[in-house]
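The structure appears right after this line, and notes come after that.
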Amino acid sequence: MTNFSSNEMDGPVRMVSIARGNMENIQMTRRQLSWSDFNDLMEQQKAMQERIKTLEQQPIGSEEAKVGLLGEENGNVGDSPPDEEVPLNESQIEARYDKYELPESTYTLLMTENLISIPFATGIIAAAISMMCLVLALKNELDNETPGNPLGLPAGVRTEVRMAQYLGVLVGVLMEDEIPQALELIGKGAEQKIAAISDARFFSMRRVVLPSLLRMVVGYTFLCCLFLTVVQENTVLDIFFDVLALEFVERIDDVIIGLSKRGFFGRELRVVTNNRLYIETSRESHTFRRWTKRFIRFVYIFNVLLGIVMVTYGTITQHNG
């Protein structure tokens, strides 16, 4: 009669135990997935059951049993490679965003900090600086008007300049992030009310909406400056330089946040800006989230079309000076 060591006896038993544990995890996961993943999960469970039967029938101490033990310990079934990544479906991707990190911005300070505090005042000052710079730029463009030419459009613009005007509008709208960020934050504020997670921090909708509206005001002031600047320039480089300059002015808050995180504006701002805060939602809000994204997509398209209409009007007017 063949004698087996204790390690050889324990191996298959431990192996089957691990396999059964993996199957239990699959059964628990099944309750959490949507119906679209149910068939795939049932196939995985069936394969795991067949795997357990195969392992129970293998001779004690065999090489196949040892290989199977290593595979089960590493979380692999059958001949699947250990490092193979399973593609995520849409519902699993959405689940990753159930815990939404608030953006690193001075506008976030207006949402999270006390009204009478240095961080809140910093957020107000940063927004005021951006708005003041954009308003000055807008006034400068409006001052270029002449009798019969209220937008100050130049005459005789070359073809390459017209092409650069359309590209400048497209690039500027894509780079403008305040408007979509504001809409997304408003959507997240509504999502947290739908989810109603008891142990999560709840942000007042007023504290979410008001800073977001301020973001949108800054964003659309930027777009007004962008459209006027693009149609008034008569060289390609001037168009792209102006787009970049306006984008820098709009993102002054990012510069202030970066300096605050490094401690250049005091200890309190350093602590606040280095802490991460989240808006927590759940699967119940995924449908609303999809509609929010569709609306943001519509706003992007609307802004691009608005810029194209503006440039087209300028193109038609520039033929006549």
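Labels used: A, B, ... for chains in the order of the structure tokens, numbers from 1 for residues in each chain, and numbers from 1 for ligands as shown.
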Please identify all polymer residues within 12 Å of Tyr107 in chain A, counting only C-alpha atoms, omitting same-chain residues fewer than 3 positions from it, and present them as a JSON list (two decimals) with all heavy atoms, in the first residue's frame.
```json
[["chain", "number", "residue", "atom", "x", "y", "z"],
["A", 102, "LEU", "N", -14.27, 64.88, -6.11],
["A", 102, "LEU", "CA", -14.47, 66.27, -6.48],
["A", 102, "LEU", "C", -13.21, 66.81, -7.17],
["A", 102, "LEU", "O", -12.09, 66.49, -6.77],
["A", 102, "LEU", "CB", -14.78, 67.11, -5.24],
["A", 102, "LEU", "CG", -16.12, 66.81, -4.55],
["A", 102, "LEU", "CD1", -16.28, 67.69, -3.32],
["A", 102, "LEU", "CD2", -17.28, 67.01, -5.51],
["A", 103, "PRO", "N", -13.37, 67.60, -8.21],
["A", 103, "PRO", "CA", -12.21, 68.11, -8.95],
["A", 103, "PRO", "C", -11.33, 69.02, -8.11],
["A", 103, "PRO", "O", -11.82, 69.71, -7.20],
["A", 103, "PRO", "CB", -12.84, 68.87, -10.12],
["A", 103, "PRO", "CG", -14.22, 69.20, -9.67],
["A", 103, "PRO", "CD", -14.64, 68.10, -8.76],
["A", 104, "GLU", "N", -10.04, 69.03, -8.41],
["A", 104, "GLU", "CA", -9.10, 69.93, -7.72],
["A", 104, "GLU", "C", -9.24, 71.32, -8.32],
["A", 104, "GLU", "O", -8.65, 71.62, -9.35],
["A", 104, "GLU", "CB", -7.68, 69.39, -7.86],
["A", 104, "GLU", "CG", -7.43, 68.08, -7.14],
["A", 104, "GLU", "CD", -5.98, 67.64, -7.22],
["A", 104, "GLU", "OE1", -5.20, 68.29, -7.96],
["A", 104, "GLU", "OE2", -5.62, 66.66, -6.55],
["A", 110, "LEU", "N", -15.57, 76.40, -2.76],
["A", 110, "LEU", "CA", -16.85, 77.07, -2.53],
["A", 110, "LEU", "C", -17.93, 76.08, -2.16],
["A", 110, "LEU", "O", -18.94, 76.45, -1.55],
["A", 110, "LEU", "CB", -17.26, 77.84, -3.78],
["A", 110, "LEU", "CG", -16.28, 78.91, -4.28],
["A", 110, "LEU", "CD1", -16.81, 79.57, -5.54],
["A", 110, "LEU", "CD2", -16.01, 79.94, -3.20],
["A", 111, "MET", "N", -17.74, 74.82, -2.50],
["A", 111, "MET", "CA", -18.71, 73.78, -2.17],
["A", 111, "MET", "C", -18.48, 73.19, -0.79],
["A", 111, "MET", "O", -19.44, 72.85, -0.08],
["A", 111, "MET", "CB", -18.64, 72.63, -3.19],
["A", 111, "MET", "CG", -19.12, 72.97, -4.58],
["A", 111, "MET", "SD", -18.85, 71.58, -5.71],
["A", 111, "MET", "CE", -19.55, 70.22, -4.77],
["A", 112, "THR", "N", -17.22, 73.05, -0.40],
["A", 112, "THR", "CA", -16.89, 72.23, 0.77],
["A", 112, "THR", "C", -16.52, 73.02, 2.02],
["A", 112, "THR", "O", -16.60, 72.47, 3.13],
["A", 112, "THR", "CB", -15.71, 71.30, 0.42],
["A", 112, "THR", "OG1", -14.57, 72.10, 0.05],
["A", 112, "THR", "CG2", -16.07, 70.39, -0.74],
["A", 113, "GLU", "N", -16.11, 74.28, 1.88],
["A", 113, "GLU", "CA", -15.59, 75.02, 3.03],
["A", 113, "GLU", "C", -16.62, 75.98, 3.61],
["A", 113, "GLU", "O", -17.59, 76.37, 2.95],
["A", 113, "GLU", "CB", -14.32, 75.79, 2.62],
["A", 113, "GLU", "CG", -13.23, 74.89, 2.06],
["A", 113, "GLU", "CD", -12.87, 73.74, 2.97],
["A", 113, "GLU", "OE1", -12.66, 73.99, 4.18],
["A", 113, "GLU", "OE2", -12.80, 72.59, 2.50],
["A", 119, "PRO", "N", -10.07, 79.34, 2.87],
["A", 119, "PRO", "CA", -10.25, 78.60, 1.62],
["A", 119, "PRO", "C", -11.44, 79.11, 0.80],
["A", 119, "PRO", "O", -11.34, 79.22, -0.43],
["A", 119, "PRO", "CB", -10.46, 77.16, 2.09],
["A", 119, "PRO", "CG", -9.76, 77.08, 3.39],
["A", 119, "PRO", "CD", -9.97, 78.41, 4.02],
["A", 120, "PHE", "N", -12.56, 79.42, 1.47],
["A", 120, "PHE", "CA", -13.72, 79.94, 0.73],
["A", 120, "PHE", "C", -13.40, 81.29, 0.10],
["A", 120, "PHE", "O", -13.75, 81.54, -1.06],
["A", 120, "PHE", "CB", -14.92, 80.06, 1.67],
["A", 120, "PHE", "CG", -16.21, 80.41, 0.97],
["A", 120, "PHE", "CD1", -17.02, 79.42, 0.47],
["A", 120, "PHE", "CD2", -16.60, 81.74, 0.82],
["A", 120, "PHE", "CE1", -18.21, 79.73, -0.17],
["A", 120, "PHE", "CE2", -17.77, 82.06, 0.18],
["A", 120, "PHE", "CZ", -18.58, 81.06, -0.32],
["A", 121, "ALA", "N", -12.73, 82.16, 0.85],
["A", 121, "ALA", "CA", -12.34, 83.46, 0.30],
["A", 121, "ALA", "C", -11.39, 83.30, -0.88],
["A", 121, "ALA", "O", -11.45, 84.05, -1.85],
["A", 121, "ALA", "CB", -11.70, 84.31, 1.40],
["A", 122, "THR", "N", -10.51, 82.29, -0.80],
["A", 122, "THR", "CA", -9.60, 82.03, -1.92],
["A", 122, "THR", "C", -10.37, 81.63, -3.17],
["A", 122, "THR", "O", -10.03, 82.06, -4.28],
["A", 122, "THR", "CB", -8.61, 80.91, -1.53],
["A", 122, "THR", "OG1", -7.90, 81.30, -0.36],
["A", 122, "THR", "CG2", -7.64, 80.63, -2.66],
["A", 123, "GLY", "N", -11.40, 80.82, -3.00],
["A", 123, "GLY", "CA", -12.22, 80.45, -4.14],
["A", 123, "GLY", "C", -12.91, 81.65, -4.77],
["A", 123, "GLY", "O", -12.98, 81.76, -6.00],
["A", 124, "ILE", "N", -13.42, 82.55, -3.94],
["A", 124, "ILE", "CA", -14.07, 83.76, -4.46],
["A", 124, "ILE", "C", -13.07, 84.63, -5.21],
["A", 124, "ILE", "O", -13.35, 85.15, -6.31],
["A", 124, "ILE", "CB", -14.71, 84.56, -3.31],
["A", 124, "ILE", "CG1", -15.89, 83.77, -2.71],
["A", 124, "ILE", "CG2", -15.17, 85.93, -3.78],
["A", 124, "ILE", "CD1", -17.08, 83.63, -3.62],
["A", 125, "ILE", "N", -11.88, 84.80, -4.64],
["A", 125, "ILE", "CA", -10.86, 85.65, -5.27],
["A", 125, "ILE", "C", -10.42, 85.07, -6.61],
["A", 125, "ILE", "O", -10.26, 85.79, -7.61],
["A", 125, "ILE", "CB", -9.66, 85.82, -4.32],
["A", 125, "ILE", "CG1", -10.08, 86.64, -3.10],
["A", 125, "ILE", "CG2", -8.49, 86.48, -5.03],
["A", 125, "ILE", "CD1", -9.02, 86.70, -2.01],
["A", 126, "ALA", "N", -10.22, 83.74, -6.66],
["A", 126, "ALA", "CA", -9.79, 83.10, -7.90],
["A", 126, "ALA", "C", -10.84, 83.27, -9.00],
["A", 126, "ALA", "O", -10.50, 83.60, -10.15],
["A", 126, "ALA", "CB", -9.52, 81.62, -7.65],
["A", 127, "ALA", "N", -12.11, 83.08, -8.65],
["A", 127, "ALA", "CA", -13.18, 83.26, -9.64],
["A", 127, "ALA", "C", -13.26, 84.72, -10.09],
["A", 127, "ALA", "O", -13.48, 85.00, -11.28],
["A", 127, "ALA", "CB", -14.51, 82.80, -9.05],
["A", 128, "ALA", "N", -13.06, 85.66, -9.16],
["A", 128, "ALA", "CA", -13.12, 87.08, -9.51],
["A", 128, "ALA", "C", -11.98, 87.47, -10.45],
["A", 128, "ALA", "O", -12.18, 88.25, -11.39],
["A", 128, "ALA", "CB", -13.06, 87.93, -8.23],
["A", 130, "SER", "N", -10.37, 85.46, -12.62],
["A", 130, "SER", "CA", -10.66, 84.90, -13.94],
["A", 130, "SER", "C", -11.74, 85.72, -14.65],
["A", 130, "SER", "O", -11.61, 86.06, -15.84],
["A", 130, "SER", "CB", -11.12, 83.45, -13.81],
["A", 130, "SER", "OG", -10.09, 82.62, -13.34],
["A", 178, "GLU", "N", -14.94, 74.23, -17.97],
["A", 178, "GLU", "CA", -15.76, 74.68, -16.85],
["A", 178, "GLU", "C", -17.24, 74.35, -17.03],
["A", 178, "GLU", "O", -17.91, 73.94, -16.08],
["A", 178, "GLU", "CB", -15.58, 76.20, -16.65],
["A", 178, "GLU", "CG", -14.15, 76.66, -16.38],
["A", 178, "GLU", "CD", -13.59, 76.11, -15.07],
["A", 178, "GLU", "OE1", -14.35, 75.50, -14.29],
["A", 178, "GLU", "OE2", -12.39, 76.28, -14.83],
["A", 181, "GLN", "N", -17.87, 70.54, -16.65],
["A", 181, "GLN", "CA", -17.59, 70.19, -15.26],
["A", 181, "GLN", "C", -18.72, 70.66, -14.35],
["A", 181, "GLN", "O", -19.14, 69.93, -13.43],
["A", 181, "GLN", "CB", -16.27, 70.82, -14.82],
["A", 181, "GLN", "CG", -15.79, 70.39, -13.45],
["A", 181, "GLN", "CD", -15.16, 69.03, -13.47],
["A", 181, "GLN", "OE1", -14.04, 68.85, -13.91],
["A", 181, "GLN", "NE2", -15.88, 68.04, -12.99],
["A", 182, "ALA", "N", -19.23, 71.85, -14.62],
["A", 182, "ALA", "CA", -20.33, 72.37, -13.81],
["A", 182, "ALA", "C", -21.58, 71.52, -13.97],
["A", 182, "ALA", "O", -22.26, 71.18, -12.99],
["A", 182, "ALA", "CB", -20.62, 73.82, -14.21],
["A", 185, "LEU", "N", -21.16, 68.21, -12.11],
["A", 185, "LEU", "CA", -21.29, 68.36, -10.67],
["A", 185, "LEU", "C", -22.75, 68.51, -10.24],
["A", 185, "LEU", "O", -23.17, 67.95, -9.23],
["A", 185, "LEU", "CB", -20.48, 69.56, -10.18],
["A", 185, "LEU", "CG", -18.96, 69.34, -10.08],
["A", 185, "LEU", "CD1", -18.24, 70.65, -9.86],
["A", 185, "LEU", "CD2", -18.65, 68.36, -8.96],
["A", 207, "ARG", "N", -25.09, 74.31, -2.22],
["A", 207, "ARG", "CA", -23.64, 74.44, -2.25],
["A", 207, "ARG", "C", -23.04, 73.82, -3.51],
["A", 207, "ARG", "O", -21.90, 74.14, -3.88],
["A", 207, "ARG", "CB", -23.02, 73.79, -1.01],
["A", 207, "ARG", "CG", -23.39, 74.44, 0.31],
["A", 207, "ARG", "CD", -22.80, 75.84, 0.44],
["A", 207, "ARG", "NE", -21.37, 75.86, 0.36],
["A", 207, "ARG", "CZ", -20.56, 75.74, 1.41],
["A", 207, "ARG", "NH1", -21.07, 75.56, 2.62],
["A", 207, "ARG", "NH2", -19.26, 75.82, 1.28],
["A", 208, "VAL", "N", -23.78, 72.93, -4.14],
["A", 208, "VAL", "CA", -23.31, 72.32, -5.38],
["A", 208, "VAL", "C", -23.67, 73.19, -6.58],
["A", 208, "VAL", "O", -22.85, 73.45, -7.47],
["A", 208, "VAL", "CB", -23.88, 70.90, -5.56],
["A", 208, "VAL", "CG1", -23.53, 70.33, -6.93],
["A", 208, "VAL", "CG2", -23.38, 69.97, -4.47],
["A", 209, "VAL", "N", -24.91, 73.69, -6.60],
["A", 209, "VAL", "CA", -25.43, 74.39, -7.78],
["A", 209, "VAL", "C", -24.82, 75.78, -7.93],
["A", 209, "VAL", "O", -24.42, 76.17, -9.04],
["A", 209, "VAL", "CB", -26.97, 74.47, -7.71],
["A", 209, "VAL", "CG1", -27.50, 75.38, -8.81],
["A", 209, "VAL", "CG2", -27.57, 73.07, -7.84],
["A", 210, "LEU", "N", -24.72, 76.55, -6.85],
["A", 210, "LEU", "CA", -24.25, 77.93, -6.98],
["A", 210, "LEU", "C", -22.82, 78.03, -7.50],
["A", 210, "LEU", "O", -22.55, 78.80, -8.44],
["A", 210, "LEU", "CB", -24.40, 78.65, -5.63],
["A", 210, "LEU", "CG", -25.85, 78.90, -5.17],
["A", 210, "LEU", "CD1", -25.88, 79.61, -3.83],
["A", 210, "LEU", "CD2", -26.61, 79.69, -6.22],
["A", 211, "PRO", "N", -21.83, 77.28, -6.95],
["A", 211, "PRO", "CA", -20.49, 77.32, -7.54],
["A", 211, "PRO", "C", -20.47, 76.80, -8.98],
["A", 211, "PRO", "O", -19.69, 77.28, -9.81],
["A", 211, "PRO", "CB", -19.66, 76.42, -6.62],
["A", 211, "PRO", "CG", -20.39, 76.41, -5.32],
["A", 211, "PRO", "CD", -21.83, 76.49, -5.69],
["A", 212, "SER", "N", -21.35, 75.84, -9.28],
["A", 212, "SER", "CA", -21.41, 75.32, -10.65],
["A", 212, "SER", "C", -21.95, 76.38, -11.61],
["A", 212, "SER", "O", -21.46, 76.50, -12.75],
["A", 212, "SER", "CB", -22.29, 74.06, -10.69],
["A", 212, "SER", "OG", -21.74, 73.04, -9.88],
["A", 213, "LEU", "N", -22.93, 77.15, -11.17],
["A", 213, "LEU", "CA", -23.43, 78.24, -12.02],
["A", 213, "LEU", "C", -22.36, 79.29, -12.25],
["A", 213, "LEU", "O", -22.24, 79.86, -13.34],
["A", 213, "LEU", "CB", -24.67, 78.87, -11.38],
["A", 213, "LEU", "CG", -25.93, 78.00, -11.35],
["A", 213, "LEU", "CD1", -27.07, 78.74, -10.65],
["A", 213, "LEU", "CD2", -26.35, 77.59, -12.75],
["A", 214, "LEU", "N", -21.56, 79.56, -11.21],
["A", 214, "LEU", "CA", -20.45, 80.49, -11.37],
["A", 214, "LEU", "C", -19.44, 79.96, -12.39],
["A", 214, "LEU", "O", -18.92, 80.72, -13.22],
["A", 214, "LEU", "CB", -19.76, 80.72, -10.02],
["A", 214, "LEU", "CG", -18.58, 81.69, -10.01],
["A", 214, "LEU", "CD1", -19.00, 83.07, -10.52],
["A", 214, "LEU", "CD2", -17.99, 81.79, -8.59],
["A", 215, "ARG", "N", -19.18, 78.67, -12.34],
["A", 215, "ARG", "CA", -18.32, 78.04, -13.36],
["A", 215, "ARG", "C", -18.89, 78.28, -14.76],
["A", 215, "ARG", "O", -18.15, 78.60, -15.70],
["A", 215, "ARG", "CB", -18.26, 76.52, -13.13],
["A", 215, "ARG", "CG", -17.23, 76.04, -12.12],
["A", 215, "ARG", "CD", -17.34, 74.53, -12.04],
["A", 215, "ARG", "NE", -16.40, 73.95, -11.12],
["A", 215, "ARG", "CZ", -15.20, 73.48, -11.45],
["A", 215, "ARG", "NH1", -14.79, 73.56, -12.70],
["A", 215, "ARG", "NH2", -14.40, 72.95, -10.54],
["A", 216, "MET", "N", -20.19, 78.09, -14.92],
["A", 216, "MET", "CA", -20.80, 78.23, -16.24],
["A", 216, "MET", "C", -20.74, 79.67, -16.73],
["A", 216, "MET", "O", -20.54, 79.93, -17.93],
["A", 216, "MET", "CB", -22.24, 77.73, -16.18],
["A", 216, "MET", "CG", -22.36, 76.24, -15.92],
["A", 216, "MET", "SD", -24.06, 75.64, -15.93],
["A", 216, "MET", "CE", -24.52, 75.93, -17.63],
["A", 218, "VAL", "N", -18.36, 81.84, -16.01],
["A", 218, "VAL", "CA", -16.98, 82.01, -16.46],
["A", 218, "VAL", "C", -16.77, 81.30, -17.79],
["A", 218, "VAL", "O", -16.12, 81.84, -18.71],
["A", 218, "VAL", "CB", -16.00, 81.47, -15.39],
["A", 218, "VAL", "CG1", -14.57, 81.46, -15.93],
["A", 218, "VAL", "CG2", -16.08, 82.31, -14.12],
["A", 251, "ARG", "N", -8.16, 79.36, -16.61],
["A", 251, "ARG", "CA", -7.68, 78.32, -15.69],
["A", 251, "ARG", "C", -6.72, 78.87, -14.63],
["A", 251, "ARG", "O", -5.85, 78.15, -14.15],
["A", 251, "ARG", "CB", -7.01, 77.20, -16.48],
["A", 251, "ARG", "CG", -7.98, 76.48, -17.40],
["A", 251, "ARG", "CD", -7.44, 75.17, -17.89],
["A", 251, "ARG", "NE", -8.42, 74.44, -18.67],
["A", 251, "ARG", "CZ", -8.24, 73.22, -19.15],
["A", 251, "ARG", "NH1", -7.10, 72.60, -18.91],
["A", 251, "ARG", "NH2", -9.18, 72.62, -19.85],
["A", 252, "ILE", "N", -6.89, 80.11, -14.27],
["A", 252, "ILE", "CA", -6.07, 80.68, -13.20],
["A", 252, "ILE", "C", -6.32, 79.92, -11.90],
["A", 252, "ILE", "O", -5.42, 79.77, -11.06],
["A", 252, "ILE", "CB", -6.38, 82.18, -13.05],
["A", 252, "ILE", "CG1", -5.78, 82.96, -14.22],
["A", 252, "ILE", "CG2", -5.84, 82.72, -11.73],
["A", 252, "ILE", "CD1", -6.06, 84.44, -14.20],
["A", 253, "ASP", "N", -7.55, 79.42, -11.72],
["A", 253, "ASP", "CA", -7.86, 78.69, -10.49],
["A", 253, "ASP", "C", -7.00, 77.44, -10.34],
["A", 253, "ASP", "O", -6.64, 77.04, -9.23],
["A", 253, "ASP", "CB", -9.34, 78.32, -10.45],
["A", 253, "ASP", "CG", -9.72, 77.37, -11.58],
["A", 253, "ASP", "OD1", -9.54, 77.75, -12.75],
["A", 253, "ASP", "OD2", -10.19, 76.26, -11.28],
["A", 254, "ASP", "N", -6.65, 76.81, -11.46],
["A", 254, "ASP", "CA", -5.77, 75.63, -11.39],
["A", 254, "ASP", "C", -4.38, 76.00, -10.89],
["A", 254, "ASP", "O", -3.75, 75.24, -10.15],
["A", 254, "ASP", "CB", -5.66, 74.96, -12.76],
["A", 254, "ASP", "CG", -7.00, 74.39, -13.23],
["A", 254, "ASP", "OD1", -7.84, 74.10, -12.36],
["A", 254, "ASP", "OD2", -7.20, 74.25, -14.45],
["A", 256, "ILE", "N", -3.69, 78.54, -8.87],
["A", 256, "ILE", "CA", -3.82, 78.83, -7.44],
["A", 256, "ILE", "C", -3.90, 77.54, -6.63],
["A", 256, "ILE", "O", -3.29, 77.43, -5.55],
["A", 256, "ILE", "CB", -5.06, 79.72, -7.20],
["A", 256, "ILE", "CG1", -4.86, 81.08, -7.86],
["A", 256, "ILE", "CG2", -5.32, 79.89, -5.70],
["A", 256, "ILE", "CD1", -6.06, 82.00, -7.77],
["A", 257, "ILE", "N", -4.62, 76.55, -7.12],
["A", 257, "ILE", "CA", -4.71, 75.27, -6.42],
["A", 257, "ILE", "C", -3.34, 74.60, -6.34],
["A", 257, "ILE", "O", -2.94, 74.06, -5.30],
["A", 257, "ILE", "CB", -5.71, 74.34, -7.14],
["A", 257, "ILE", "CG1", -7.14, 74.73, -6.77],
["A", 257, "ILE", "CG2", -5.48, 72.89, -6.77],
["A", 257, "ILE", "CD1", -7.51, 74.43, -5.33],
["A", 273, "THR", "N", -6.50, 71.67, 0.38],
["A", 273, "THR", "CA", -6.34, 71.30, -1.02],
["A", 273, "THR", "C", -5.71, 69.94, -1.22],
["A", 273, "THR", "O", -5.82, 69.36, -2.31],
["A", 273, "THR", "CB", -5.48, 72.36, -1.75],
["A", 273, "THR", "OG1", -4.23, 72.54, -1.04],
["A", 273, "THR", "CG2", -6.21, 73.69, -1.83]]
```
Where does range 110-174 of chain A meet range 238-245 of chain A within 9 Å, residue by residue, with the nearest atom pair and distance in Å to one decimal for each, counting only C-alpha atoms, listed by chain and rising number, as CSV?
```
residue,atom,partner,partner_atom,distance
A:Val161,CA,A:Ile239,CA,8.4
A:Ala164,CA,A:Ile239,CA,7.0
A:Gln165,CA,A:Ile239,CA,6.9
A:Leu167,CA,A:Phe240,CA,8.9
A:Gly168,CA,A:Phe240,CA,6.3
A:Val169,CA,A:Val243,CA,8.4
A:Val171,CA,A:Val243,CA,8.1
A:Gly172,CA,A:Val243,CA,6.2
```
Kindly export the residues of the current selection with C-alpha atoms, as a PDB file, in the first residue's frame.
```pdb
ATOM      1  CA  VAL A 161      -6.998  82.232 -41.947  1.00  0.00           C
ATOM      2  CA  ALA A 164      -7.720  78.564 -38.718  1.00  0.00           C
ATOM      3  CA  GLN A 165     -10.821  80.398 -37.456  1.00  0.00           C
ATOM      4  CA  LEU A 167     -10.149  75.176 -36.049  1.00  0.00           C
ATOM      5  CA  GLY A 168      -9.673  77.796 -33.328  1.00  0.00           C
ATOM      6  CA  VAL A 169     -13.366  77.560 -32.413  1.00  0.00           C
ATOM      7  CA  VAL A 171     -10.066  73.651 -30.233  1.00  0.00           C
ATOM      8  CA  GLY A 172     -11.315  76.355 -27.874  1.00  0.00           C
TER       9      GLY A 172
END
```
So that I can check the surroundings of Thr229 in chain A, please list as an mmCIF file with C-alpha atoms, in the first residue's frame every protein, DNA and RNA residue that reaches within 8 Å of it, counting only C-alpha atoms and ignoring chain neighbours fewer than 2 positions away.
```cif
data_model
loop_
_atom_site.group_PDB
_atom_site.id
_atom_site.type_symbol
_atom_site.label_atom_id
_atom_site.label_comp_id
_atom_site.auth_asym_id
_atom_site.auth_seq_id
_atom_site.Cartn_x
_atom_site.Cartn_y
_atom_site.Cartn_z
ATOM 1 C CA GLU A 141 -12.794 92.998 -28.542
ATOM 2 C CA CYS A 225 -14.246 86.169 -25.932
ATOM 3 C CA LEU A 226 -13.155 83.196 -28.027
ATOM 4 C CA PHE A 227 -15.702 83.733 -30.801
ATOM 5 C CA VAL A 231 -13.330 86.325 -36.153
ATOM 6 C CA GLN A 232 -11.394 89.566 -35.611
ATOM 7 C CA GLU A 233 -7.906 88.188 -36.206
ATOM 8 C CA ILE A 239 -5.735 83.086 -33.725
ATOM 9 C CA ASP A 242 -5.299 84.173 -28.555
#
```
- Message: Nearest residue to Ile129 in chain A out of A:Thr292, A:Thr106, A:Asn149, A:Asn275, using only C-alpha atoms?
- Response: A:Thr106
- Task: For Val304 in chain A, work out the shell of residues within 12 Å, counting only C-alpha atoms and skipping chain neighbours fewer than 2 positions away, then give it as a ChimeraX atom specification.
- Result: /A:166-176,223,226-227,297-302,306-311
Using the selection just defined, write its residues with C-alpha atoms as a short mmCIF file (atom, residue, chain, number, x, y, z; two decimals), in the first residue's frame.
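The new file part38.cif reads:
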```cif
data_model
loop_
_atom_site.label_atom_id
_atom_site.label_comp_id
_atom_site.auth_asym_id
_atom_site.auth_seq_id
_atom_site.Cartn_x
_atom_site.Cartn_y
_atom_site.Cartn_z
CA TYR A 166 -12.93 77.23 -37.65
CA LEU A 167 -10.15 75.18 -36.05
CA GLY A 168 -9.67 77.80 -33.33
CA VAL A 169 -13.37 77.56 -32.41
CA LEU A 170 -13.24 73.76 -32.33
CA VAL A 171 -10.07 73.65 -30.23
CA GLY A 172 -11.32 76.36 -27.87
CA VAL A 173 -14.65 74.62 -27.22
CA LEU A 174 -12.92 71.29 -26.60
CA MET A 175 -10.42 72.89 -24.20
CA GLU A 176 -13.16 74.72 -22.29
CA LEU A 223 -16.61 81.38 -25.24
CA LEU A 226 -13.15 83.20 -28.03
CA PHE A 227 -15.70 83.73 -30.80
CA ARG A 297 -22.77 65.96 -25.06
CA PHE A 298 -25.59 68.09 -26.45
CA VAL A 299 -24.10 71.21 -24.81
CA TYR A 300 -20.71 70.47 -26.38
CA ILE A 301 -22.31 70.13 -29.82
CA PHE A 302 -24.39 73.27 -29.30
CA LEU A 306 -22.68 78.31 -32.14
CA GLY A 307 -19.02 79.03 -32.85
CA ILE A 308 -19.33 77.76 -36.42
CA VAL A 309 -22.33 80.02 -37.03
CA MET A 310 -20.35 82.96 -35.64
CA VAL A 311 -17.34 82.26 -37.88
#
```
- Message: To test your reading of the structure, identify every residue in range 64-217 of chain A that backbone DSSP assigns to helix (DSSP H, G or I), and report it as a PyMOL selection string.
- Response: chain A and resi 64-73+90-96+106-112+118-142+159-175+178-195+205-217
- Message: I'd like the contact shell of Trp291 in chain A - 12 Å cut-off, only C-alpha atoms, skipping same-chain residues fewer than 2 positions apart - returned as a list of chain:residue names.
- Response: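 What passes the distance filter is A:Leu183, A:Glu184, A:Gly187, A:Lys188, A:Ala190, A:Glu191, A:Ser285, A:His286, A:Thr287, A:Phe288, A:Arg289, A:Lys293, A:Arg294, A:Phe295, A:Ile296, A:Arg297, A:Phe298.
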- Message: Residues within 7 Å of Glu280 in chain A, please, as a list of chain:residue names. Count only C-alpha atoms; anything in the same chain fewer than 2 positions from it doesn't count.
- Response: A:Asp98, A:Lys99, A:Tyr100, A:Gln192, A:Ala200, A:Tyr278
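Counting only C-alpha atoms and comparing A:Leu269, A:Ala95, A:Ile279, A:Leu153, the residue that lies closest to Lys193 in chain A is A:Ile279.
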